[in-house]
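Q: Before I ask anything, here is the structure I am working with.
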Amino acid sequence: MRLMIAGGGGFRVPLVYRALCAGPFAGLVRELVLYDVDPGRLAAISAVLASYPGPAEPGAAADEGPGAAPRPVVRATTSLAEALDGTDLVFAAIRPGGTAGRTADERVALDLGLLGQETTGAGGISYALRSIPRMLELADQMRRHCPDAWLLNFTNPAGMVTEALVPVLGRKVVGVCDSASGLVYRAARAAGVGLPEGKLDGVGYYGLNHLGWLYRLESGGRDALPGLLADARALAGFEEGRLFPQRILAELGCLPNEYLYYYYETGRALAGIRASATTRGESIDRQQTELYPRLAAAGQDAYRLWDAARRSREEGYLAEARAAGEHRDETDLAGGGYERVALAVMRALSGGGPAELILNTPNTTGAAGAGAGAAAAIPGLPADAVVEVPCRVTPDGVVPLPQERPAPAQLALLRQVKDVERLVVTATARDAGTTGPGRREAALAAFAGHPLVGSADLAGKLLAGYEAAFPDLGSLWAGNP
């Protein structure tokens, strides 16, 4: 199989390569093509892959020796047509504007007293206004150069971007994120529930990307979740259990995705971010600006440098939720994240056996995802809305599994955020019926309607700030995305 990564100079690309070299995904890919618009970043990540010494995950078998699957052949290119021709599957993880753009996403909101986060709230909307047009271009080129290929989308905000791509690629696109599956496996471990990889029997989860809840965790016909929520010691043993006060969890009767920290604990999150000398985006921007030239010139030391930077970067994740000097638990830092979810999807689609995974896909059950026999996986949300739920993946595609109807407060929040997401998709639409002014008005309405903004006045100031930071938005309003 030929796998192309759009955003091939991205920091997390070595995680994909590492997983393809050893363990259950070894031999899945014969050729790995890295595509990026930045040749310097491609050179740096190519150096990391070339110096990869072997498995770095606990329990992974060595990838060398008799009978071992060969490592994928790696190619790097700045030509999109060259990268796509002959490709069987595309992973997309692009960041228009780079890490400097992420910094602006955060700072414009923070300067107005609002939460500054790259995928949630105002920052997420700004990011989507840049990422959706570029992803639509990629989808168009896929239809031209590899029309039968699947697109696994990691580009953030993953659910919103996936929703914009469905009209172009249909059921050949699926959104991938590891935060929901990470929550499920961490909660299962804390509750003493055995959960085989690729199986979600007894698991109930509903939501949108970065906005979901684990509401059932069955073991032997018994739901272990109520007992876990009542056990303060067990909750203290994993990240999501520590993020939320136990009273909130008791009221909810479920475990929220970690990103709901920004909704349930907004004041605390904002105070934590403001108390830091730098935002998360600024920290990553400084790290990568210094790191990438070193990686390109490091020779056989490149992988070691990258891995040390990876550990440092993961340690800073959600730092605003922890007390000064408090470090992430080792289980929260364990590998096996988004790259394993993505490769499990890829293996199931290619005939390696069915898998059950939490993914972003249209909210309709049934093999075709539509028709008289189809029902909403999440009752109460539109059938064509992209949602994040457990899905069954086979060579026939991705089918969401039916979930319970969310509680009224949860459903109201999901509907509000989904309305915002659809306004952003309208703002980035390319159809003739969407005028330039209509796009800008949709963007304003999206900012104003988001629960973490909730003000037309602030929406106007946010959009003006992002237009100053990203002048190319003007071409979007002019109808030339």
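We label chains A, B, ... in the order they appear in the structure tokens, count residues from 1 in each chain, and number ligands from 1 in the order shown.
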If you count only C-alpha atoms, which residues fall within 7 Å of range 261-266 of chain A, apart from same-chain ones fewer than 4 positions away, as a list in words?

A: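 Counting only C-alpha atoms, the residues come to Leu243, Phe244 and Leu270 of chain A.
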
Q: Write the residues of the preceding selection, restricted to C-alpha atoms, as a short mmCIF file (atom, residue, chain, number, x, y, z; two decimals), in the first residue's frame.

A:
data_model
loop_
_atom_site.label_atom_id
_atom_site.label_comp_id
_atom_site.auth_asym_id
_atom_site.auth_seq_id
_atom_site.Cartn_x
_atom_site.Cartn_y
_atom_site.Cartn_z
CA LEU A 243 -9.27 17.48 35.27
CA PHE A 244 -12.85 17.76 36.53
CA LEU A 270 -8.31 31.13 31.23
#

Q: Can you tell me, as an MDAnalysis selection string, what residues are no more than 12 Å from Pro196 in chain A when counting only C-alpha atoms, ignoring any on the same chain fewer than 4 positions away?

A: chainID A and resid 184:185 188:189 200:203 219 355:357

Q: Using N, CA and C atoms, can you export the residues from the last selection as a PDB file, in the first residue's frame?

A:
ATOM      1  N   VAL A 184     -11.365   6.647  26.661  1.00  0.00           N
ATOM      2  CA  VAL A 184     -12.003   5.344  26.864  1.00  0.00           C
ATOM      3  C   VAL A 184     -11.018   4.343  27.454  1.00  0.00           C
ATOM      4  N   TYR A 185      -9.826   4.255  26.896  1.00  0.00           N
ATOM      5  CA  TYR A 185      -8.876   3.252  27.376  1.00  0.00           C
ATOM      6  C   TYR A 185      -8.304   3.614  28.746  1.00  0.00           C
ATOM      7  N   ALA A 188     -11.136   2.769  31.185  1.00  0.00           N
ATOM      8  CA  ALA A 188     -11.275   1.318  31.315  1.00  0.00           C
ATOM      9  C   ALA A 188     -10.185   0.753  32.222  1.00  0.00           C
ATOM     10  N   ARG A 189      -8.959   1.228  32.036  1.00  0.00           N
ATOM     11  CA  ARG A 189      -7.864   0.761  32.877  1.00  0.00           C
ATOM     12  C   ARG A 189      -8.107   1.124  34.339  1.00  0.00           C
ATOM     13  N   LEU A 200     -14.979  -2.172  20.960  1.00  0.00           N
ATOM     14  CA  LEU A 200     -15.628  -1.208  21.852  1.00  0.00           C
ATOM     15  C   LEU A 200     -16.955  -1.747  22.369  1.00  0.00           C
ATOM     16  N   ASP A 201     -17.040  -3.068  22.548  1.00  0.00           N
ATOM     17  CA  ASP A 201     -18.250  -3.659  23.094  1.00  0.00           C
ATOM     18  C   ASP A 201     -18.538  -3.078  24.471  1.00  0.00           C
ATOM     19  N   GLY A 202     -19.761  -2.597  24.650  1.00  0.00           N
ATOM     20  CA  GLY A 202     -20.155  -2.062  25.945  1.00  0.00           C
ATOM     21  C   GLY A 202     -19.750  -0.622  26.182  1.00  0.00           C
ATOM     22  N   VAL A 203     -19.107   0.011  25.194  1.00  0.00           N
ATOM     23  CA  VAL A 203     -18.678   1.401  25.345  1.00  0.00           C
ATOM     24  C   VAL A 203     -19.722   2.316  24.723  1.00  0.00           C
ATOM     25  N   SER A 219     -18.772  -4.134  31.492  1.00  0.00           N
ATOM     26  CA  SER A 219     -17.886  -5.274  31.641  1.00  0.00           C
ATOM     27  C   SER A 219     -18.705  -6.429  32.185  1.00  0.00           C
ATOM     28  N   ALA A 355     -12.625  -3.407  12.627  1.00  0.00           N
ATOM     29  CA  ALA A 355     -12.206  -2.729  13.856  1.00  0.00           C
ATOM     30  C   ALA A 355     -13.311  -1.794  14.315  1.00  0.00           C
ATOM     31  N   GLU A 356     -13.399  -1.593  15.609  1.00  0.00           N
ATOM     32  CA  GLU A 356     -14.323  -0.622  16.192  1.00  0.00           C
ATOM     33  C   GLU A 356     -13.504   0.499  16.814  1.00  0.00           C
ATOM     34  N   LEU A 357     -13.721   1.704  16.337  1.00  0.00           N
ATOM     35  CA  LEU A 357     -12.909   2.856  16.721  1.00  0.00           C
ATOM     36  C   LEU A 357     -13.802   4.081  16.818  1.00  0.00           C
TER      37      LEU A 357
END

Q: Excluding Val193 in chain A and any residue of its chain fewer than 5 positions from it, enumerate the residues within 10 Å of it, using only C-alpha atoms, and give them as a count of residues only.

A: 11

Q: Let's see if you can do this: from backbone DSSP, list all alpha helix (DSSP H) residues in range 213-360 of chain A, as an mmCIF file with C-alpha atoms, in the first residue's frame.

A:
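This is the output file result.cif:
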data_model
loop_
_atom_site.group_PDB
_atom_site.id
_atom_site.type_symbol
_atom_site.label_atom_id
_atom_site.label_comp_id
_atom_site.auth_asym_id
_atom_site.auth_seq_id
_atom_site.Cartn_x
_atom_site.Cartn_y
_atom_site.Cartn_z
ATOM 1 C CA LEU A 225 -18.780 3.743 34.976
ATOM 2 C CA PRO A 226 -20.941 4.687 38.018
ATOM 3 C CA GLY A 227 -18.491 2.931 40.313
ATOM 4 C CA LEU A 228 -15.557 4.702 38.690
ATOM 5 C CA LEU A 229 -17.226 8.107 39.042
ATOM 6 C CA ALA A 232 -12.035 9.450 44.032
ATOM 7 C CA ARG A 233 -8.832 7.413 44.213
ATOM 8 C CA ALA A 234 -9.453 5.742 40.848
ATOM 9 C CA LEU A 235 -10.339 9.073 39.253
ATOM 10 C CA GLU A 239 -5.942 12.631 33.300
ATOM 11 C CA GLU A 240 -9.660 13.182 32.699
ATOM 12 C CA GLY A 241 -10.472 12.032 36.233
ATOM 13 C CA ARG A 242 -8.154 14.712 37.613
ATOM 14 C CA LEU A 243 -9.274 17.484 35.275
ATOM 15 C CA GLN A 246 -15.831 15.035 41.285
ATOM 16 C CA ARG A 247 -19.043 16.992 41.915
ATOM 17 C CA ILE A 248 -19.215 17.863 38.207
ATOM 18 C CA LEU A 249 -18.695 14.230 37.253
ATOM 19 C CA ALA A 250 -21.373 13.129 39.724
ATOM 20 C CA GLU A 251 -23.851 15.621 38.271
ATOM 21 C CA LEU A 252 -23.069 14.561 34.717
ATOM 22 C CA TYR A 261 -12.407 21.360 30.582
ATOM 23 C CA TYR A 262 -12.533 24.588 28.577
ATOM 24 C CA TYR A 263 -16.348 24.630 28.836
ATOM 25 C CA TYR A 264 -16.887 23.412 32.399
ATOM 26 C CA THR A 266 -13.564 28.203 31.643
ATOM 27 C CA GLY A 267 -12.460 30.666 34.313
ATOM 28 C CA ARG A 268 -9.869 28.299 35.707
ATOM 29 C CA ALA A 269 -8.559 27.475 32.228
ATOM 30 C CA LEU A 270 -8.307 31.132 31.226
ATOM 31 C CA ALA A 271 -6.538 32.032 34.473
ATOM 32 C CA GLY A 272 -4.065 29.186 33.970
ATOM 33 C CA ILE A 273 -3.240 30.272 30.429
ATOM 34 C CA ARG A 274 -2.839 33.919 31.452
ATOM 35 C CA ALA A 275 -0.586 32.987 34.366
ATOM 36 C CA ARG A 280 1.025 26.792 24.296
ATOM 37 C CA GLY A 281 1.360 27.988 20.699
ATOM 38 C CA GLU A 282 4.229 30.349 21.540
ATOM 39 C CA SER A 283 6.060 27.561 23.336
ATOM 40 C CA ILE A 284 5.698 25.167 20.408
ATOM 41 C CA ASP A 285 6.618 27.864 17.882
ATOM 42 C CA ARG A 286 9.856 28.621 19.737
ATOM 43 C CA GLN A 287 10.666 24.929 20.133
ATOM 44 C CA GLN A 288 10.155 24.110 16.470
ATOM 45 C CA THR A 289 11.884 27.240 15.142
ATOM 46 C CA GLU A 290 15.010 26.176 17.004
ATOM 47 C CA LEU A 291 14.592 22.425 16.565
ATOM 48 C CA TYR A 292 13.974 21.899 12.847
ATOM 49 C CA PRO A 293 17.338 23.255 11.587
ATOM 50 C CA ARG A 294 19.085 21.125 14.200
ATOM 51 C CA LEU A 295 17.201 18.006 13.089
ATOM 52 C CA ALA A 296 18.143 18.528 9.435
ATOM 53 C CA ALA A 297 21.834 18.737 10.366
ATOM 54 C CA ALA A 302 18.211 13.359 14.656
ATOM 55 C CA TYR A 303 15.791 10.794 16.053
ATOM 56 C CA ARG A 304 17.138 11.177 19.585
ATOM 57 C CA LEU A 305 16.746 14.968 19.396
ATOM 58 C CA TRP A 306 13.223 14.646 18.034
ATOM 59 C CA ASP A 307 12.165 12.135 20.696
ATOM 60 C CA ALA A 308 13.427 14.351 23.511
ATOM 61 C CA ALA A 309 11.480 17.278 22.041
ATOM 62 C CA ARG A 310 8.387 15.082 21.752
ATOM 63 C CA ARG A 311 8.516 14.215 25.438
ATOM 64 C CA SER A 312 8.919 17.871 26.377
ATOM 65 C CA ARG A 313 6.026 18.874 24.128
ATOM 66 C CA GLU A 314 3.702 16.220 25.552
ATOM 67 C CA GLU A 315 4.600 17.252 29.088
ATOM 68 C CA GLU A 330 3.374 8.495 32.971
ATOM 69 C CA THR A 331 0.250 6.670 31.791
ATOM 70 C CA ASP A 332 -1.000 9.926 30.255
ATOM 71 C CA LEU A 333 2.303 10.263 28.371
ATOM 72 C CA TYR A 338 -3.459 9.183 17.069
ATOM 73 C CA GLU A 339 -1.102 7.264 14.789
ATOM 74 C CA ARG A 340 -2.377 3.924 16.087
ATOM 75 C CA VAL A 341 -5.997 4.974 15.620
ATOM 76 C CA ALA A 342 -5.233 6.076 12.063
ATOM 77 C CA LEU A 343 -3.338 2.923 11.150
ATOM 78 C CA ALA A 344 -6.065 0.750 12.686
ATOM 79 C CA VAL A 345 -8.543 2.491 10.349
ATOM 80 C CA MET A 346 -6.197 1.966 7.426
ATOM 81 C CA ARG A 347 -5.698 -1.725 8.200
ATOM 82 C CA ALA A 348 -9.448 -2.354 8.536
ATOM 83 C CA LEU A 349 -10.237 -0.509 5.303
#

Q: Identify which of the residues A:Leu129, A:Ala104, A:Leu411, A:Met1 lies closest to Gln117 in chain A, counting only C-alpha atoms when measuring atom-to-atom distances.

A: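 Under the stated criterion, the closest residue is A:Ala104.
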
Q: Rank nothing, just name the residue among A:Leu112, A:Ala375, A:Ile125, A:Gln403 nearest to Leu444 in chain A, using only C-alpha atoms.

A: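 Looking at the shortest contact to Leu444 in chain A, the residue is A:Ile125.
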
Q: A:Ile5, A:Glu137, A:Thr279, A:Leu476: which is nearest Arg102 in chain A, counting only C-alpha atoms?

A: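 For Arg102 in chain A, the nearest of the given residues is A:Thr279.
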